[in-house]
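This is coords.txt (compact mmCIF, C-alpha atoms).
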```txt
# COMPACT_ATOMS: atom_id res chain seq x y z
CA MET A 24 49.71 24.46 131.92
CA GLN A 25 53.36 24.28 131.01
CA ARG A 26 56.20 23.74 133.50
CA THR A 27 59.72 24.89 132.70
CA LEU A 28 61.15 21.81 134.43
CA LEU A 29 59.83 19.74 131.51
CA ASP A 30 62.83 20.72 129.38
CA LYS A 31 65.18 18.98 131.82
CA LEU A 32 62.96 15.91 131.89
CA LEU A 33 62.98 15.66 128.11
CA THR A 34 66.77 15.88 128.16
CA TRP A 35 66.71 12.98 130.65
CA LYS A 36 64.47 10.99 128.30
CA ASN A 37 66.79 11.50 125.34
CA LYS A 38 69.91 10.13 127.08
CA ALA A 39 71.25 6.77 125.96
CA GLN A 40 71.34 5.67 129.61
CA ARG A 41 69.78 7.31 132.63
CA LYS A 42 69.25 7.06 136.36
CA PRO A 43 65.65 6.95 137.62
CA LEU A 44 64.03 10.37 137.80
CA LEU A 45 62.84 11.61 141.20
CA ILE A 46 60.53 14.64 141.50
CA ASP A 47 60.34 16.03 145.02
CA GLY A 48 58.09 18.87 146.15
CA ALA A 49 55.27 19.97 148.43
CA ARG A 50 51.95 18.22 148.01
CA GLN A 51 49.73 19.51 145.18
CA THR A 52 52.46 21.35 143.26
CA GLY A 53 51.70 19.31 140.12
CA LYS A 54 54.19 16.44 140.23
CA THR A 55 51.78 13.86 138.83
CA TYR A 56 50.62 16.22 136.08
CA LEU A 57 54.22 16.93 135.14
CA LEU A 58 55.11 13.24 134.84
CA LYS A 59 51.86 11.73 133.56
CA THR A 60 50.58 14.44 131.24
CA LEU A 61 53.52 16.61 130.20
CA LEU A 62 56.33 14.04 130.14
CA GLY A 63 53.98 11.13 129.46
CA ARG A 64 52.78 12.50 126.14
CA SER A 65 56.26 11.92 124.69
CA PHE A 66 55.85 8.16 125.30
CA ASP A 67 53.57 5.73 123.48
CA ASN A 68 52.49 4.10 126.73
CA LEU A 69 52.97 4.49 130.48
CA LEU A 70 52.34 2.49 133.62
CA ARG A 71 51.55 4.56 136.71
CA VAL A 72 51.44 3.29 140.29
CA ASP A 73 50.24 5.56 143.12
CA PHE A 74 51.23 4.13 146.50
CA LEU A 75 49.03 6.57 148.41
CA GLU A 76 45.97 5.84 146.31
CA SER A 77 46.66 2.09 145.95
CA PRO A 78 48.79 0.91 148.91
CA GLU A 79 48.30 -2.70 147.83
CA MET A 80 50.79 -2.02 145.01
CA ALA A 81 53.52 -2.33 147.63
CA GLU A 82 53.08 -6.10 147.21
CA ALA A 83 55.04 -5.87 143.95
CA PHE A 84 58.10 -4.79 145.96
CA ALA A 85 57.76 -7.27 148.83
CA GLY A 86 60.23 -9.79 147.40
CA SER A 87 63.09 -9.43 144.94
CA LEU A 88 63.93 -5.89 143.80
CA SER A 89 65.32 -7.06 140.47
CA PRO A 90 63.80 -4.81 137.76
CA ASP A 91 62.62 -7.82 135.75
CA VAL A 92 60.80 -9.29 138.74
CA LEU A 93 59.30 -5.93 139.72
CA LEU A 94 57.94 -5.30 136.22
CA ALA A 95 56.40 -8.79 136.10
CA ASN A 96 54.74 -8.16 139.49
CA LEU A 97 53.42 -4.76 138.41
CA GLU A 98 51.98 -6.19 135.20
CA LEU A 99 50.19 -8.87 137.25
CA LEU A 100 48.77 -6.38 139.77
CA THR A 101 47.70 -3.75 137.25
CA GLY A 102 46.82 -5.87 134.26
CA ILE A 103 48.79 -3.46 132.07
CA ALA A 104 51.51 -4.68 129.71
CA PHE A 105 54.80 -2.79 129.93
CA ASN A 106 57.60 -2.56 127.36
CA PRO A 107 60.84 -1.65 129.21
CA GLU A 108 62.41 -0.36 126.00
CA THR A 109 59.76 2.22 125.12
CA ASP A 110 57.31 2.80 128.00
CA LEU A 111 57.43 5.10 131.02
CA LEU A 112 57.05 3.70 134.55
CA ILE A 113 55.76 6.25 137.08
CA LEU A 114 55.95 5.52 140.82
CA ASP A 115 53.84 8.22 142.48
CA GLU A 116 54.08 9.04 146.21
CA ILE A 117 56.99 6.63 146.41
CA GLY A 118 57.73 7.68 149.98
CA GLU A 119 54.72 5.59 151.05
CA CYS A 120 56.61 2.43 150.02
CA PRO A 121 60.19 2.32 151.41
CA ARG A 122 61.11 -0.76 149.35
CA ALA A 123 60.06 1.04 146.18
CA VAL A 124 62.48 3.82 147.15
CA THR A 125 65.22 1.21 147.58
CA SER A 126 64.35 -0.31 144.20
CA LEU A 127 65.49 2.88 142.44
CA LYS A 128 69.07 1.81 143.18
CA TYR A 129 68.55 -1.45 141.29
CA PHE A 130 66.84 0.26 138.37
CA ALA A 131 69.88 2.57 138.14
CA GLU A 132 72.41 -0.26 138.30
CA GLN A 133 70.66 -3.06 136.42
CA ALA A 134 68.33 -1.27 133.97
CA PRO A 135 69.95 2.06 132.99
CA THR A 136 68.09 2.19 129.67
CA MET A 137 64.65 2.00 131.28
CA PHE A 138 62.43 5.05 131.74
CA VAL A 139 61.60 5.12 135.47
CA ALA A 140 60.21 8.26 137.11
CA ALA A 141 59.16 8.63 140.75
CA SER A 142 57.59 11.44 142.75
CA GLY A 143 56.94 12.16 146.41
CA SER A 144 55.98 14.90 148.82
CA ASN A 145 57.80 13.48 151.84
CA ILE A 146 61.12 12.55 150.23
CA GLY A 147 63.06 14.70 152.68
CA LEU A 148 61.64 12.74 155.61
CA LEU A 149 62.83 9.32 154.44
CA ASN A 150 65.18 7.40 156.72
CA SER A 151 67.05 5.84 153.80
CA PHE A 152 67.61 7.14 150.30
CA PRO A 153 69.50 5.87 147.20
CA VAL A 154 72.11 8.63 147.18
CA GLY A 155 73.75 9.07 143.79
CA LYS A 156 71.33 6.65 142.12
CA VAL A 157 68.63 9.12 141.00
CA GLU A 158 68.37 12.34 139.00
CA GLN A 159 66.45 14.52 141.42
CA TYR A 160 64.49 17.76 140.94
CA ASN A 161 62.24 19.83 143.18
CA LEU A 162 58.93 20.97 141.69
CA ARG A 163 57.74 24.18 143.30
CA PRO A 164 54.54 26.17 142.81
CA LEU A 165 54.24 27.86 139.43
CA THR A 166 56.64 30.78 139.05
CA PHE A 167 55.48 34.13 137.73
CA ARG A 168 56.75 33.13 134.27
CA GLU A 169 54.66 29.93 134.40
CA PHE A 170 51.67 31.96 135.66
CA LEU A 171 51.95 34.19 132.59
CA ILE A 172 52.18 31.16 130.31
CA ALA A 173 49.01 29.79 131.92
CA SER A 174 47.25 33.07 131.13
CA GLY A 175 47.65 32.41 127.40
CA GLU A 176 48.22 36.13 126.76
CA MET A 177 50.90 35.82 124.09
CA ALA A 178 51.83 39.50 123.88
CA LEU A 179 52.41 39.61 127.63
CA ILE A 180 54.40 36.37 127.59
CA LYS A 181 56.54 37.80 124.80
CA ALA A 182 57.10 41.05 126.72
CA PHE A 183 58.26 39.11 129.78
CA ALA A 184 60.57 36.87 127.75
CA SER A 185 62.22 39.90 126.12
CA GLN A 186 62.36 41.81 129.45
CA ALA A 187 60.48 44.69 127.87
CA ASN A 188 61.18 48.07 129.45
CA SER A 189 58.21 50.22 128.47
CA ALA A 190 55.34 51.92 130.26
CA ALA A 191 52.78 49.74 128.46
CA ALA A 192 54.55 46.47 129.37
CA HIS A 193 55.07 47.60 132.96
CA SER A 194 51.41 48.43 133.46
CA LYS A 195 50.26 45.03 132.20
CA LEU A 196 52.97 42.96 133.90
CA PHE A 197 52.58 44.65 137.27
CA ASP A 198 48.82 44.12 137.10
CA LYS A 199 49.44 40.41 136.49
CA LEU A 200 51.96 40.35 139.35
CA THR A 201 49.32 41.56 141.81
CA ASP A 202 46.95 38.88 140.47
CA TYR A 203 49.72 36.37 141.17
CA TYR A 204 50.07 37.74 144.71
CA PHE A 205 46.44 36.66 145.21
CA THR A 206 46.36 33.31 143.40
CA GLY A 207 49.91 32.21 144.15
CA GLY A 208 51.38 29.37 142.14
CA MET A 209 49.51 26.27 143.25
CA PRO A 210 48.40 24.68 139.97
CA GLU A 211 44.74 24.16 140.84
CA ALA A 212 44.38 27.77 142.00
CA VAL A 213 46.05 29.12 138.84
CA GLN A 214 44.02 26.85 136.54
CA THR A 215 40.77 27.89 138.21
CA TRP A 216 41.66 31.58 138.04
CA PHE A 217 42.14 31.49 134.28
CA ASP A 218 39.33 29.00 133.58
CA LEU A 219 36.87 31.44 135.15
CA LYS A 220 38.18 34.59 133.47
CA GLN A 221 34.92 35.03 131.56
CA GLY A 222 32.96 34.98 134.81
CA SER A 223 32.59 37.60 137.53
CA ILE A 224 35.59 38.65 139.57
CA LEU A 225 33.69 37.64 142.72
CA GLU A 226 33.23 34.11 141.38
CA ARG A 227 36.95 33.83 140.61
CA ILE A 228 37.95 35.11 144.04
CA GLN A 229 35.63 32.72 145.87
CA ALA A 230 36.73 29.71 143.82
CA VAL A 231 40.45 30.36 144.38
CA SER A 232 39.93 31.05 148.08
CA ALA A 233 38.09 27.73 148.45
CA ILE A 234 41.07 25.93 146.87
CA HIS A 235 43.47 27.72 149.22
CA ALA A 236 41.34 26.69 152.20
CA ASP A 237 41.38 23.03 151.14
CA LEU A 238 45.15 23.10 150.63
CA ILE A 239 45.79 24.49 154.11
CA VAL A 240 43.55 21.83 155.68
CA GLY A 241 45.42 19.15 153.73
CA TYR A 242 48.82 20.37 154.91
CA GLN A 243 47.61 20.52 158.51
CA ARG A 244 46.37 16.94 158.19
CA ASP A 245 49.81 15.91 156.96
CA PHE A 246 51.43 17.38 160.08
CA GLY A 247 49.86 14.65 162.18
CA LYS A 248 50.26 11.89 159.60
CA TYR A 249 53.94 12.37 158.75
CA SER A 250 55.40 14.17 161.78
CA GLY A 251 57.10 11.05 163.16
CA LYS A 252 59.07 11.92 166.28
CA THR A 253 58.48 15.64 165.81
CA ASP A 254 55.57 17.15 167.75
CA ALA A 255 52.85 17.84 165.15
CA THR A 256 51.40 20.68 167.25
CA VAL A 257 54.77 22.47 167.19
CA ILE A 258 54.99 22.03 163.41
CA GLU A 259 51.56 23.59 163.03
CA SER A 260 52.45 26.44 165.41
CA VAL A 261 55.52 27.36 163.37
CA PHE A 262 53.63 27.05 160.08
CA THR A 263 50.80 29.33 161.20
CA ASN A 264 53.20 31.81 162.80
CA VAL A 265 55.18 32.39 159.60
CA PRO A 266 52.44 34.55 158.00
CA SER A 267 51.67 36.45 161.20
CA GLN A 268 55.34 37.25 161.83
CA LEU A 269 55.86 38.34 158.23
CA ALA A 270 52.85 40.63 158.51
CA SER A 271 54.20 42.23 161.69
CA VAL A 272 56.40 44.48 159.54
CA ILE A 273 54.91 46.91 157.04
CA ASP A 274 57.44 49.15 155.32
CA GLU A 275 60.55 47.44 156.69
CA SER A 276 62.50 44.31 155.86
CA VAL A 277 61.29 40.98 157.21
CA LYS A 278 62.81 40.22 160.61
CA ARG A 279 64.26 36.96 161.82
CA PHE A 280 61.76 34.45 163.14
CA LYS A 281 60.99 35.01 166.82
CA PHE A 282 60.43 31.89 168.89
CA LYS A 283 58.86 33.43 171.98
CA GLY A 284 55.07 33.09 171.99
CA VAL A 285 54.94 30.63 169.09
CA HIS A 286 54.09 27.61 171.25
CA GLU A 287 53.24 27.24 174.92
CA ARG A 288 56.27 26.82 177.22
CA LYS A 289 58.73 26.94 174.32
CA SER A 290 60.90 29.96 173.55
CA ARG A 291 64.31 28.84 172.24
CA TYR A 292 65.51 27.78 168.82
CA SER A 293 66.30 24.30 170.12
CA ASP A 294 62.60 23.89 170.97
CA PHE A 295 61.63 24.51 167.34
CA GLU A 296 64.62 23.18 165.43
CA SER A 297 63.04 19.86 164.46
CA ALA A 298 59.73 21.50 163.45
CA ILE A 299 61.49 24.04 161.22
CA SER A 300 63.58 21.26 159.70
CA TRP A 301 60.42 19.21 159.05
CA LEU A 302 58.69 22.12 157.28
CA ASP A 303 61.82 22.81 155.27
CA LYS A 304 62.19 19.16 154.19
CA CYS A 305 58.54 19.14 153.09
CA HIS A 306 59.16 22.41 151.17
CA LEU A 307 56.48 24.37 153.06
CA VAL A 308 58.81 27.12 154.26
CA LEU A 309 61.78 28.90 152.70
CA ARG A 310 64.80 29.99 154.76
CA ASN A 311 66.86 33.17 154.71
CA TYR A 312 69.90 33.69 156.96
CA PRO A 313 70.97 37.21 158.03
CA VAL A 314 74.70 37.96 158.10
CA ASP A 315 76.55 41.06 159.26
CA GLY A 316 79.93 42.66 158.77
CA THR A 317 81.48 42.51 155.31
CA PRO A 318 80.12 39.31 153.77
CA ARG A 319 82.29 37.11 151.58
CA SER A 320 81.76 33.95 149.61
CA PRO A 321 80.80 31.30 150.57
CA LEU A 322 77.94 32.92 152.45
CA ALA A 323 77.02 29.60 154.05
CA ALA A 324 80.12 29.97 156.23
CA TYR A 325 78.42 32.92 157.98
CA ARG A 326 75.16 31.10 158.62
CA LYS A 327 73.82 30.84 162.17
CA GLU A 328 71.05 28.26 162.32
CA ASN A 329 69.26 29.98 165.21
CA MET A 330 69.14 33.30 163.32
CA VAL A 331 66.74 32.61 160.47
CA LYS A 332 63.98 34.34 158.55
CA LEU A 333 61.13 32.10 157.42
CA PHE A 334 58.97 32.68 154.35
CA LEU A 335 55.96 30.70 153.17
CA PHE A 336 56.47 28.57 150.06
CA ASP A 337 53.54 30.18 148.20
CA VAL A 338 52.55 33.84 148.25
CA GLY A 339 48.90 33.06 147.45
CA LEU A 340 48.57 30.82 150.49
CA LEU A 341 50.36 33.48 152.53
CA ASN A 342 47.75 36.09 151.63
CA TYR A 343 44.94 33.59 152.23
CA MET A 344 46.25 32.75 155.71
CA LEU A 345 46.43 36.45 156.50
CA GLY A 346 42.89 37.07 155.23
CA THR A 347 44.10 39.67 152.73
CA SER A 348 41.39 40.45 150.20
CA TYR A 349 41.90 40.63 146.44
CA LYS A 350 40.71 44.24 146.52
CA GLU A 351 43.31 45.15 149.12
CA ILE A 352 46.06 43.52 147.07
CA LYS A 353 45.06 45.53 144.00
CA GLN A 354 44.84 48.84 145.88
CA GLN A 355 47.67 51.33 145.61
CA GLY A 356 48.09 51.37 149.37
CA TYR A 357 49.07 47.72 149.30
CA GLU A 358 52.53 48.66 148.04
CA TYR A 359 53.59 49.37 151.60
CA LYS A 360 53.28 45.71 152.56
CA GLY A 361 56.83 44.94 151.57
CA PHE A 362 56.86 41.47 153.10
CA ILE A 363 54.65 40.22 150.26
CA ALA A 364 57.20 41.40 147.70
CA GLU A 365 59.99 39.81 149.75
CA ASN A 366 58.13 36.50 149.92
CA PHE A 367 57.59 36.65 146.15
CA VAL A 368 61.28 37.33 145.47
CA GLN A 369 62.29 34.52 147.83
CA GLN A 370 60.01 32.13 145.90
CA GLU A 371 61.40 33.19 142.53
CA PHE A 372 64.98 32.80 143.77
CA ALA A 373 64.25 29.35 145.23
CA ALA A 374 62.69 28.22 141.96
CA GLN A 375 65.94 29.17 140.22
CA GLY A 376 67.92 27.05 142.68
CA LEU A 377 69.00 29.82 145.06
CA GLU A 378 68.13 28.32 148.43
CA PRO A 379 68.64 29.08 151.21
CA THR A 380 69.07 32.79 150.68
CA PHE A 381 70.98 35.33 152.77
CA SER A 382 70.38 38.90 153.91
CA TRP A 383 72.52 41.60 155.51
CA GLY A 384 72.09 44.10 158.29
CA ASP A 385 73.80 46.42 160.70
CA ALA A 386 72.54 48.81 163.37
CA ARG A 387 70.64 51.10 160.95
CA ALA A 388 70.38 49.33 157.61
CA GLU A 389 69.03 46.08 156.19
CA ILE A 390 69.39 44.51 152.75
CA GLU A 391 66.74 41.91 151.97
CA PHE A 392 69.03 39.63 149.93
CA ILE A 393 72.72 39.22 149.25
CA ALA A 394 74.09 36.60 146.88
CA ALA A 395 77.39 35.57 145.35
CA ASP A 396 77.76 35.65 141.56
CA GLU A 397 79.76 33.14 139.49
CA LEU A 398 83.02 34.89 140.43
CA GLY A 399 82.24 34.93 144.15
CA ASP A 400 81.50 38.67 144.30
CA ILE A 401 78.69 39.53 146.71
CA ILE A 402 75.77 41.43 145.18
CA PRO A 403 73.28 43.25 147.43
CA ILE A 404 69.65 42.99 146.29
CA GLU A 405 67.18 45.41 147.86
CA VAL A 406 63.42 44.92 147.55
CA LYS A 407 61.01 47.86 147.40
CA SER A 408 57.38 46.85 147.00
CA GLY A 409 56.09 50.11 145.55
CA LYS A 410 57.15 53.17 143.62
CA ARG A 411 59.21 54.72 146.41
CA THR A 412 62.71 53.67 145.48
CA LYS A 413 64.94 55.68 147.82
CA ALA A 414 67.31 53.12 149.24
CA LYS A 415 69.18 54.37 152.31
CA SER A 416 70.04 50.83 153.36
CA LEU A 417 71.47 50.04 149.95
CA GLN A 418 73.59 53.19 150.02
CA SER A 419 74.82 52.25 153.48
CA TYR A 420 75.83 48.80 152.20
CA ILE A 421 77.60 50.31 149.19
CA THR A 422 79.52 52.69 151.45
CA LYS A 423 80.60 49.95 153.86
CA CYS A 424 81.15 46.99 151.53
CA ALA A 425 81.89 48.57 148.12
CA PRO A 426 80.18 45.95 145.91
CA LYS A 427 80.96 45.87 142.20
CA LYS A 428 77.25 45.69 141.43
CA SER A 429 73.94 46.31 143.22
CA ILE A 430 70.36 45.47 142.31
CA LYS A 431 67.13 47.08 143.44
CA LEU A 432 63.81 45.31 142.77
CA THR A 433 60.89 47.74 142.82
CA GLY A 434 57.32 48.41 141.77
CA THR A 435 58.57 50.75 139.05
CA GLN A 436 59.44 50.22 135.41
CA GLY A 437 63.13 50.09 136.32
CA SER A 438 66.25 51.72 134.99
CA SER A 439 67.69 51.66 131.50
CA PRO A 440 68.74 48.19 130.27
CA LEU A 441 72.12 49.76 129.53
CA GLU A 442 72.83 50.27 133.24
CA LYS A 443 75.36 47.65 134.36
CA GLU A 444 76.52 48.53 137.88
CA HIS A 445 73.55 49.77 139.92
CA LEU A 446 70.49 48.20 138.37
CA VAL A 447 66.85 48.94 139.14
CA LEU A 448 64.58 46.13 137.96
CA PRO A 449 60.81 45.69 138.27
CA LEU A 450 59.82 43.02 140.77
CA TYR A 451 58.29 40.75 138.14
CA TYR A 452 61.75 40.23 136.59
CA SER A 453 63.14 38.73 139.80
CA GLU A 454 63.97 35.39 138.15
CA TYR A 455 66.42 37.15 135.82
CA VAL A 456 68.52 38.25 138.81
CA VAL A 457 69.64 34.66 139.26
CA SER A 458 69.96 33.60 135.63
CA GLN A 459 71.54 36.76 134.20
CA HIS A 460 73.21 38.69 137.01
CA LEU A 461 74.30 35.92 139.35
CA LYS A 462 74.63 33.47 136.45
CA LEU A 463 74.09 30.46 138.65
```
Do you think you could lay out the structure here as structure tokens?
Amino acid sequence: MQRTLLDKLLTWKNKAQRKPLLIDGARQTGKTYLLKTLLGRSFDNLLRVDFLESPEMAEAFAGSLSPDVLLANLELLTGIAFNPETDLLILDEIGECPRAVTSLKYFAEQAPTMFVAASGSNIGLLNSFPVGKVEQYNLRPLTFREFLIASGEMALIKAFASQANSAAAHSKLFDKLTDYYFTGGMPEAVQTWFDLKQGSILERIQAVSAIHADLIVGYQRDFGKYSGKTDATVIESVFTNVPSQLASVIDESVKRFKFKGVHERKSRYSDFESAISWLDKCHLVLRNYPVDGTPRSPLAAYRKENMVKLFLFDVGLLNYMLGTSYKEIKQQGYEYKGFIAENFVQQEFAAQGLEPTFSWGDARAEIEFIAADELGDIIPIEVKSGKRTKAKSLQSYITKCAPKKSIKLTGTQGSSPLEKEHLVLPLYYSEYVVSQHLKL
């Protein structure tokens, strides 16, 4: 499988001098594969240390953090020779070894020509961090573009890349989108789905569902292991309530997260603030903040922390947690479950760097997303999961706020590519909203 983040990593490799690379992201999103297999194949040799798998490797960092000393220690412990001029050093799950995290500062300052790459799934929870001393990226689940690339269907990949606007392309791309709603973007689930494409659909469904089940158990185990001062039971309550609250709306926009009834004897935002922050730092939830009135840039100025919508970080895991069957997802009636489309759009936006997101509402109308373009103009983005594209809320926003441009993401083929002011785009082209219309 290919990851679009690889292009940035290769640019990092080709610099004359570089800071250590740090790949953050939820567990099992493919960080090791990205560094070891995809980036690693552009090096003659690599030395990989996994602090979760081999905690004894922390001994290499117990004394001096001088790069020369560290490399000598790692060679002794691993028995692998390392050439600092040509080889890649990978420090996996670096959050398990605080002194290894600190060492990144010394690699940046004392060995800027070395190729050092680290990864971790609990980076956001660290008490200390070498600010300004690393080049950091967040690896998320596979996007819809990466899902298509994994399919190996070249004609379909080409149609997506050219933003084809034809009935034939729409039929095929929308069919793949609903497959993506089921599998989500976790690499193992996607790989299994396409590896078993010659088998029965039942076999594929069962295999992917088993992977989803294991992933959820793993995340729940992490709640207790890494929760620190935050109550692990509250973290789990919020996590499991995100899908159920999203599913409480059918043909309406997702509502802000309600705290009452989530956990026994807790009902206020302050009771859940640390748990939401924990899930956010571990990249397991995505945040959207509703604003009202006439919004202006910067939208963050209108944010109220206690008024937040929460989405799950992966739409496949969302459907698994809700018990939604593959057949139901593929049925025409499924189009009325707009929260799935909203969660998908939120994921695509986050993968393009638009996070947190914002929404808008008044007494009678709601717009799922609003965002500022490169000039600071606010663009309303309405999401319609199916073929019904009448947008009373969007018209209400246009009347009240007079935006220069509006975008509607729907289950239809979309409007003419020549339309510039009030665009209608198919849902599967959501990533292009950020790159082409917001130009962020």
Interface rows for region 219-328 of chain A against region 357-375 of chain A: nearest pair, Å to one decimal, 12 Å, all atoms listed in the file, as CSV:
```
residue,atom,partner,partner_atom,distance
A:Val265,CA,A:Asn366,CA,10.9
A:Pro266,CA,A:Phe362,CA,9.6
A:Ser267,CA,A:Phe362,CA,10.9
A:Gln268,CA,A:Phe362,CA,9.8
A:Leu269,CA,A:Phe362,CA,6.1
A:Ala270,CA,A:Phe362,CA,6.8
A:Ser271,CA,A:Phe362,CA,9.0
A:Val272,CA,A:Phe362,CA,7.1
A:Ile273,CA,A:Lys360,CA,4.9
A:Asp274,CA,A:Tyr359,CA,5.4
A:Glu275,CA,A:Gly361,CA,6.8
A:Ser276,CA,A:Phe362,CA,6.9
A:Val277,CA,A:Phe362,CA,6.1
A:Lys278,CA,A:Phe362,CA,9.7
A:His306,CA,A:Ala373,CA,10.5
A:Leu307,CA,A:Gln370,CA,11.1
A:Val308,CA,A:Gln370,CA,9.8
A:Leu309,CA,A:Gln369,CA,7.5
A:Arg310,CA,A:Gln369,CA,8.7
A:Asn311,CA,A:Gln369,CA,8.4
A:Tyr312,CA,A:Gln369,CA,11.9
```
Handout entry: For Leu302 (chain A): contacts at 10 Å, all atoms listed in the file, fewer than 3 positions along chain excluded, given as a PyMOL selection string
Key = chain A and resi 49+147-148+246+250+258-259+261-262+297-299+305-309+335-336
Problem - Interatomic distance (Å, one decimal) between CA of Ile404 (chain A) and CA of Trp301 (chain A) - result: 28.5 Å
Exercise for the section: Rank nothing, just name the residue among A:Gln354, A:Ser293, A:Ser260, A:Gln133 nearest to Asp202 (chain A), using all atoms listed in the file. Expected result: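 Counting all atoms listed in the file, the residue closest to Asp202 (chain A) is A:Gln354.
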Problem - Long-range neighbours of Ile352 (chain A) as a PyMOL selection string, 8 Å cut-off, all atoms listed in the file, 4 positions minimum in chain - result: chain A and resi 201+204-205+347-348+357
Problem - Pick from A:Lys59, A:Arg326, A:His193, A:Arg26, whichever lies nearest to Ile113 (chain A) using only C-alpha atoms - result: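 Going through A:Lys59, A:Arg326, A:His193, A:Arg26 one by one, the smallest distance to Ile113 (chain A) is for A:Lys59.
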Problem - Within 12 Å of file point (53.7, 34.0, 128.6), counting all atoms listed in the file, expressed as a PyMOL selection string - result: chain A and resi 24-27+166-186+196+199
Handout entry: One-decimal distance in Å that lies between CA of Ala323 (chain A) and CA of Ala425 (chain A)
Key = 20.5 Å
Problem - All residues 10 Å or closer to region 69-82 of chain A, all atoms listed in the file, same chain fewer than 3 positions away omitted, as a ChimeraX atom specification - result: /A:55,58-59,63-66,85-86,93-94,96-98,100-101,103-106,109-123,138-143
Problem - Given all atoms listed in the file as the counted atoms, nearest of A:Leu340, A:Leu88, A:Ala134, A:Val314 to Glu328 (chain A) - result: A:Val314
Fill in the blank from the handout: From the list A:Asn188, A:Arg319, A:Tyr420, A:Glu391, the nearest residue to Tyr451 (chain A) using all atoms listed in the file is A:Asn188
Exercise for the section: Counting all atoms listed in the file, note down every residue that has an atom within 12 Å of the point (59.8, 8.8, 164.4) (file coordinates), as a ChimeraX atom specification. Expected result: /A:148-150,247-255,297,301
Handout entry: Nearby residues (all atoms listed in the file) at most 6 Å from Pro313 (chain A), same-chain spacing under 6 positions excluded, as a list in words
Key = Phe381, Ser382 and Trp383 of chain A
Handout entry: Coordinates-based distance that separates CA of Pro449 (chain A) from CA of Val406 (chain A) (Å, one decimal)
Key =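 Between CA of Val406 (chain A) and CA of Pro449 (chain A) the gap works out to 9.7 Å.
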Practice task
Return the single residue from A:Ile224, A:Asn161, A:Lys283, A:Glu397 that is closest to Lys31 (chain A), with distances computed using only C-alpha atoms.
Solution key: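 Going through A:Ile224, A:Asn161, A:Lys283, A:Glu397 one by one, the smallest distance to Lys31 (chain A) is for A:Asn161.
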Exercise for the section: Have a look at A:Ser89, A:Thr60, A:Ser453, A:Thr215 and name the one nearest to Phe130 (chain A); count all atoms listed in the file. Expected result: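 For Phe130 (chain A), the nearest of the given residues is A:Ser89.
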